[in-house]
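Here is the structure we will look at.
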Amino acid sequence: MTLPPLYALRAFATAARLESFSQAAAVLNVTPGAISRHIRTLEAWFDCELFVRKGPKVAITAAGSVLAAQLEVGFEQLESACAAFSQHNHQLRLKAPSTLTMRWLLDVLQRYREQYSKPDVQITSVWMDTDSVDFAREPYDCAILLGSGDFGADTESRLLFQEWLIPLCAPALKQQAQTNLAACELIHPTHDRRDWRRWLQGVSNAPQINLWQGKLFDTLEQGNMAAISGHGISVGDLLLSIEAIRSGLLTLPFPQPVATGDGYYLVWPKSASGLKNIGLFAEWLVTQIPQYNPADLN
């Protein structure tokens with residue numbers, strides 16, 4: 001062993017802090033004699049005197065003061081680590097993209113918390129041009145990411161739902177978009193215009209438009225909000241836009257959604273310590289997937 005017994009170190013640190021064997025014994029629920037034996041064990045281990053004994057009274061030595069100060073720091077770190085680990089066992093730190101969070105996940109988490117107290121899901125909503133997570137460097141236990149399902153050899157994932165792209169606009173612009181989409185102002189929710197391009201490639205007899213014109217935004221959420229305000233025709237995820245469609249804020253000028261091949265996945269590291277909690281959370285998420293029916297496309 002490279003360390004003396006932990007219980008002896010705890011006894012010494014408590015006696016040094018209280019400057020009394022009897023008070024240390026009361027705190028640790030042992031006898032004063034046990035405290036004295038623990039300290040003698042340490043004195044033999046370190047081959048130095050830690051307390052000077054004067055009858056029933058004791059006084060810590062200079063060497064004992066040095067050891068006590070260092071042990072106080074060490075025990076604080078141990079207690080902090082144990083407290084954090086205990087809390088971590090009842091908490092999931094979740095990373096998620098901003099549009100998914102605003103259009104679906106916040107409501108899902110509210111319903112989850114109404115039914116379950118543990119694990120406590122702490123969400124961080126992040127803008128990501130390409131969804132990714134580095135569990136070795138980022139403080140997350142799991143993440144919901146849009147991708148093909150390949151998030152690295154050290155991760156596991158579960159598909160939640162597929163991405164379906166479809167044009168979206170305010171009801172007042174629907175007829176104009178259907179009549180002459182090329183004359184409409186386009187809204188691009190990605191700087192590389194990939195969402196409009198994907199939809200056009202997936203639709204037979206797609207309308208001819210100039211992809212290089214229009215407004216550029218960072219997220220699907222921003223594109224949706226611009227479309228709701230009547231600033232043009234956007235393209236977005238059907239399932240994440242379904243509530244806005246049903247409420248009449250958005251409408252579909254073209255009824256053909258296109259599957260991109262990507263999907264939203266719950267992702268976690270293979271070495272995750274909270275696999276049970278992640279599994280329970282995954283089972284809940286798949287019961288909350290947004291759905292649409294053919295009537296929503298009309």
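Identifiers for the structure tokens are assigned positionally: chains receive A, B, ... in sequence, residues are indexed from 1 per chain, and ligands are indexed from 1 in the order shown.
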
Report the closest atom pair, with its distance in Å rounded to one decimal, for each residue of range 187-222 of chain A that has an atom no farther than 9 Å from range 160-179 of chain A; count only C-alpha atoms, sort by chain and then rising residue number, and write it as a Markdown table.
| residue | atom | partner | partner_atom | distance |
| --- | --- | --- | --- | --- |
| A:Asp195 | CA | A:Leu165 | CA | 7.1 |
| A:Trp196 | CA | A:Pro167 | CA | 8.1 |
| A:Arg198 | CA | A:Leu165 | CA | 7.9 |
| A:Trp199 | CA | A:Leu165 | CA | 6.2 |

Can you list every residue in range 16-142 of chain A that DSSP puts in helix (DSSP H, G or I), as a VMD selection string?
-> chain A and resid 16 to 18 21 to 28 32 to 46 62 to 88 98 to 115

Pick out the residues sitting within 10 Å of range 132-138 of chain A, and hand them over as a ChimeraX atom specification; count only C-alpha atoms, and ignore anything fewer than 3 positions along from it in its own chain.
-> /A:95-97,128-129,141-147,151-152,154-155,267-269,271-272

May I have the residues from that selection written out with C-alpha atoms, as a CSV table (one decimal), in the first residue's frame?
chain,number,residue,atom,x,y,z
A,95,LYS,CA,-26.8,18.7,-26.2
A,96,ALA,CA,-29.3,19.4,-29.0
A,97,PRO,CA,-29.6,21.6,-32.1
A,128,MET,CA,-24.4,23.6,-35.3
A,129,ASP,CA,-23.9,24.0,-39.0
A,141,ASP,CA,-23.7,12.6,-21.5
A,142,CYS,CA,-25.8,12.3,-24.7
A,143,ALA,CA,-26.9,14.4,-27.6
A,144,ILE,CA,-29.6,14.6,-30.2
A,145,LEU,CA,-28.0,15.1,-33.6
A,146,LEU,CA,-29.1,15.3,-37.2
A,147,GLY,CA,-27.0,13.0,-39.4
A,151,PHE,CA,-21.2,9.6,-35.2
A,152,GLY,CA,-17.9,7.8,-34.5
A,154,ASP,CA,-16.8,5.2,-29.8
A,155,THR,CA,-20.5,6.1,-29.8
A,267,VAL,CA,-26.2,9.6,-29.4
A,268,TRP,CA,-24.1,8.7,-26.4
A,269,PRO,CA,-20.6,7.4,-25.8
A,271,SER,CA,-18.3,4.3,-22.1
A,272,ALA,CA,-21.1,6.4,-20.6

Please produce, as a Markdown table, a per-residue contact table for range 48-116 of chain A versus range 231-236 of chain A (criterion: any atom at most 12 Å away, only C-alpha atoms considered), showing the nearest atom pair and its distance in Å to one decimal, sorted by chain then residue number.
| residue | atom | partner | partner_atom | distance |
| --- | --- | --- | --- | --- |
| A:Thr99 | CA | A:Gly236 | CA | 10.1 |
| A:Leu100 | CA | A:Gly236 | CA | 11.4 |
| A:Arg103 | CA | A:Gly236 | CA | 11.4 |

Restrict the selected residues to N, CA and C atoms and save them as a PDB file, in the first residue's frame.
ATOM      1  N   THR A  99     -33.047  24.354 -33.610  1.00  0.00           N
ATOM      2  CA  THR A  99     -34.380  24.215 -34.203  1.00  0.00           C
ATOM      3  C   THR A  99     -35.136  23.042 -33.596  1.00  0.00           C
ATOM      4  N   LEU A 100     -34.482  21.917 -33.451  1.00  0.00           N
ATOM      5  CA  LEU A 100     -35.118  20.760 -32.824  1.00  0.00           C
ATOM      6  C   LEU A 100     -35.597  21.109 -31.424  1.00  0.00           C
ATOM      7  N   ARG A 103     -38.719  23.575 -31.718  1.00  0.00           N
ATOM      8  CA  ARG A 103     -39.894  23.060 -32.414  1.00  0.00           C
ATOM      9  C   ARG A 103     -40.436  21.756 -31.848  1.00  0.00           C
TER      10      ARG A 103
END

Give the answer as one residue: which of A:Ile278, A:Val203, A:Ser36, A:Ala13 has the shortest atom-to-atom distance to Phe254 in chain A, using only C-alpha atoms?
->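 Closest to Phe254 in chain A, using only C-alpha atoms: A:Val203.
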
DSSP strand (DSSP E or B) residues within range 195-296 of chain A, listed as a list in words =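 Filtering range 195-296 of chain A down to strand (DSSP E or B) leaves Lys215, Leu216, Ile233, Ser234, Val235, Gly236, Asp237, Thr251, Val258, Ala259, Thr260, Gly261, Asp262, Gly263, Tyr264, Tyr265, Leu266, Val267, Trp268 and Pro269 of chain A.
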
Shell around Ala24 in chain A at 10 Å using only C-alpha atoms, local window under 6 positions removed, as a PDB file with C-alpha atoms, in the first residue's frame:
ATOM      1  CA  ARG A  10      -9.960  10.914   8.564  1.00  0.00           C
ATOM      2  CA  ALA A  11      -9.552  10.495  12.335  1.00  0.00           C
ATOM      3  CA  PHE A  12      -6.378  12.567  12.348  1.00  0.00           C
ATOM      4  CA  ALA A  13      -7.840  15.334  10.158  1.00  0.00           C
ATOM      5  CA  THR A  14     -10.918  15.594  12.381  1.00  0.00           C
ATOM      6  CA  ALA A  15      -8.843  15.680  15.583  1.00  0.00           C
ATOM      7  CA  ALA A  16      -6.543  18.321  14.089  1.00  0.00           C
ATOM      8  CA  ARG A  17      -9.494  20.499  13.046  1.00  0.00           C
ATOM      9  CA  LEU A  18     -11.188  20.233  16.462  1.00  0.00           C
ATOM     10  CA  VAL A  30     -16.050   6.170  17.867  1.00  0.00           C
ATOM     11  CA  THR A  31     -14.257   6.197  21.216  1.00  0.00           C
ATOM     12  CA  PRO A  32     -11.416   8.623  22.102  1.00  0.00           C
ATOM     13  CA  ILE A  35      -8.925   8.150  17.680  1.00  0.00           C
TER      14      ILE A  35
END

Residue contacts of Leu9 in chain A (12 Å, only C-alpha atoms) excluding same-chain residues fewer than 3 positions away, as a ChimeraX atom specification = /A:3-6,12-16,35-43,45-46,50,64,67-72,74-75

Please save N, CA, C and O atoms of the selected residues as a short mmCIF file (atom, residue, chain, number, x, y, z; two decimals), in the first residue's frame.
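Saved result, again.cif, follows:
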data_model
loop_
_atom_site.label_atom_id
_atom_site.label_comp_id
_atom_site.auth_asym_id
_atom_site.auth_seq_id
_atom_site.Cartn_x
_atom_site.Cartn_y
_atom_site.Cartn_z
N LEU A 3 -0.60 4.26 0.56
CA LEU A 3 -1.29 5.19 1.44
C LEU A 3 -1.60 4.52 2.77
O LEU A 3 -1.87 3.32 2.83
N PRO A 4 -1.56 5.30 3.87
CA PRO A 4 -2.02 4.76 5.15
C PRO A 4 -3.52 4.58 5.11
O PRO A 4 -4.19 5.06 4.19
N PRO A 5 -4.10 3.88 6.08
CA PRO A 5 -5.54 3.64 6.08
C PRO A 5 -6.34 4.95 6.04
O PRO A 5 -6.04 5.90 6.75
N LEU A 6 -7.37 4.97 5.17
CA LEU A 6 -8.16 6.18 5.01
C LEU A 6 -8.87 6.56 6.30
O LEU A 6 -8.97 7.74 6.63
N PHE A 12 -7.38 11.55 12.08
CA PHE A 12 -6.38 12.57 12.35
C PHE A 12 -6.85 13.94 11.89
O PHE A 12 -6.72 14.94 12.62
N ALA A 13 -7.39 14.05 10.68
CA ALA A 13 -7.84 15.33 10.16
C ALA A 13 -8.93 15.94 11.03
O ALA A 13 -8.95 17.15 11.28
N THR A 14 -9.84 15.10 11.52
CA THR A 14 -10.92 15.59 12.38
C THR A 14 -10.37 16.06 13.72
O THR A 14 -10.75 17.12 14.22
N ALA A 15 -9.45 15.29 14.31
CA ALA A 15 -8.84 15.68 15.58
C ALA A 15 -8.03 16.96 15.43
O ALA A 15 -8.04 17.83 16.32
N ALA A 16 -7.33 17.11 14.31
CA ALA A 16 -6.54 18.32 14.09
C ALA A 16 -7.45 19.54 13.94
O ALA A 16 -7.15 20.62 14.45
N ILE A 35 -9.58 7.01 18.32
CA ILE A 35 -8.93 8.15 17.68
C ILE A 35 -7.43 8.12 17.99
O ILE A 35 -6.59 8.30 17.09
N SER A 36 -7.10 7.89 19.26
CA SER A 36 -5.69 7.85 19.66
C SER A 36 -4.94 6.74 18.93
O SER A 36 -3.81 6.94 18.46
N ARG A 37 -5.56 5.56 18.79
CA ARG A 37 -4.89 4.45 18.10
C ARG A 37 -4.70 4.77 16.61
O ARG A 37 -3.65 4.45 16.03
N HIS A 38 -5.67 5.40 15.99
CA HIS A 38 -5.53 5.77 14.58
C HIS A 38 -4.37 6.74 14.39
O HIS A 38 -3.59 6.62 13.43
N ILE A 39 -4.24 7.69 15.29
CA ILE A 39 -3.17 8.68 15.15
C ILE A 39 -1.81 8.03 15.40
O ILE A 39 -0.83 8.33 14.71
N ARG A 40 -1.74 7.09 16.34
CA ARG A 40 -0.47 6.37 16.56
C ARG A 40 -0.11 5.55 15.32
O ARG A 40 1.08 5.40 14.99
N THR A 41 -1.12 5.01 14.65
CA THR A 41 -0.86 4.28 13.40
C THR A 41 -0.18 5.19 12.38
O THR A 41 0.78 4.80 11.71
N LEU A 42 -0.69 6.43 12.28
CA LEU A 42 -0.10 7.38 11.34
C LEU A 42 1.30 7.81 11.77
O LEU A 42 2.19 7.98 10.91
N GLU A 43 1.48 7.99 13.04
CA GLU A 43 2.81 8.40 13.52
C GLU A 43 3.84 7.31 13.22
O GLU A 43 4.98 7.61 12.83
N TRP A 45 3.50 5.16 10.76
CA TRP A 45 3.60 5.12 9.29
C TRP A 45 4.57 6.19 8.78
O TRP A 45 5.43 5.92 7.94
N PHE A 46 4.40 7.43 9.29
CA PHE A 46 5.24 8.54 8.82
C PHE A 46 6.52 8.71 9.62
O PHE A 46 7.36 9.54 9.27
N LEU A 50 2.80 13.54 15.52
CA LEU A 50 1.77 14.42 14.98
C LEU A 50 1.07 15.21 16.08
O LEU A 50 0.60 16.33 15.83
N GLY A 64 2.42 17.89 12.16
CA GLY A 64 1.01 17.54 12.11
C GLY A 64 0.17 18.62 11.44
O GLY A 64 -0.77 18.32 10.69
N LEU A 67 0.56 18.31 7.64
CA LEU A 67 -0.22 17.19 7.12
C LEU A 67 -1.71 17.48 7.17
O LEU A 67 -2.45 17.18 6.22
N ALA A 68 -2.18 18.09 8.26
CA ALA A 68 -3.60 18.38 8.41
C ALA A 68 -4.10 19.33 7.32
O ALA A 68 -5.19 19.16 6.77
N ALA A 69 -3.30 20.36 7.00
CA ALA A 69 -3.70 21.32 5.97
C ALA A 69 -3.83 20.64 4.61
O ALA A 69 -4.77 20.91 3.85
N GLN A 70 -2.90 19.74 4.30
CA GLN A 70 -2.96 19.06 3.02
C GLN A 70 -4.11 18.06 2.96
O GLN A 70 -4.78 17.90 1.93
N LEU A 71 -4.35 17.38 4.08
CA LEU A 71 -5.47 16.44 4.12
C LEU A 71 -6.81 17.15 4.00
O LEU A 71 -7.75 16.61 3.38
N GLU A 72 -6.93 18.35 4.56
CA GLU A 72 -8.18 19.09 4.47
C GLU A 72 -8.53 19.36 3.00
O GLU A 72 -9.67 19.18 2.58
N GLY A 74 -7.41 17.61 0.43
CA GLY A 74 -7.67 16.32 -0.20
C GLY A 74 -9.07 15.80 0.10
O GLY A 74 -9.76 15.31 -0.81
N PHE A 75 -9.52 15.90 1.35
CA PHE A 75 -10.85 15.42 1.69
C PHE A 75 -11.94 16.28 1.05
O PHE A 75 -13.00 15.76 0.66
#
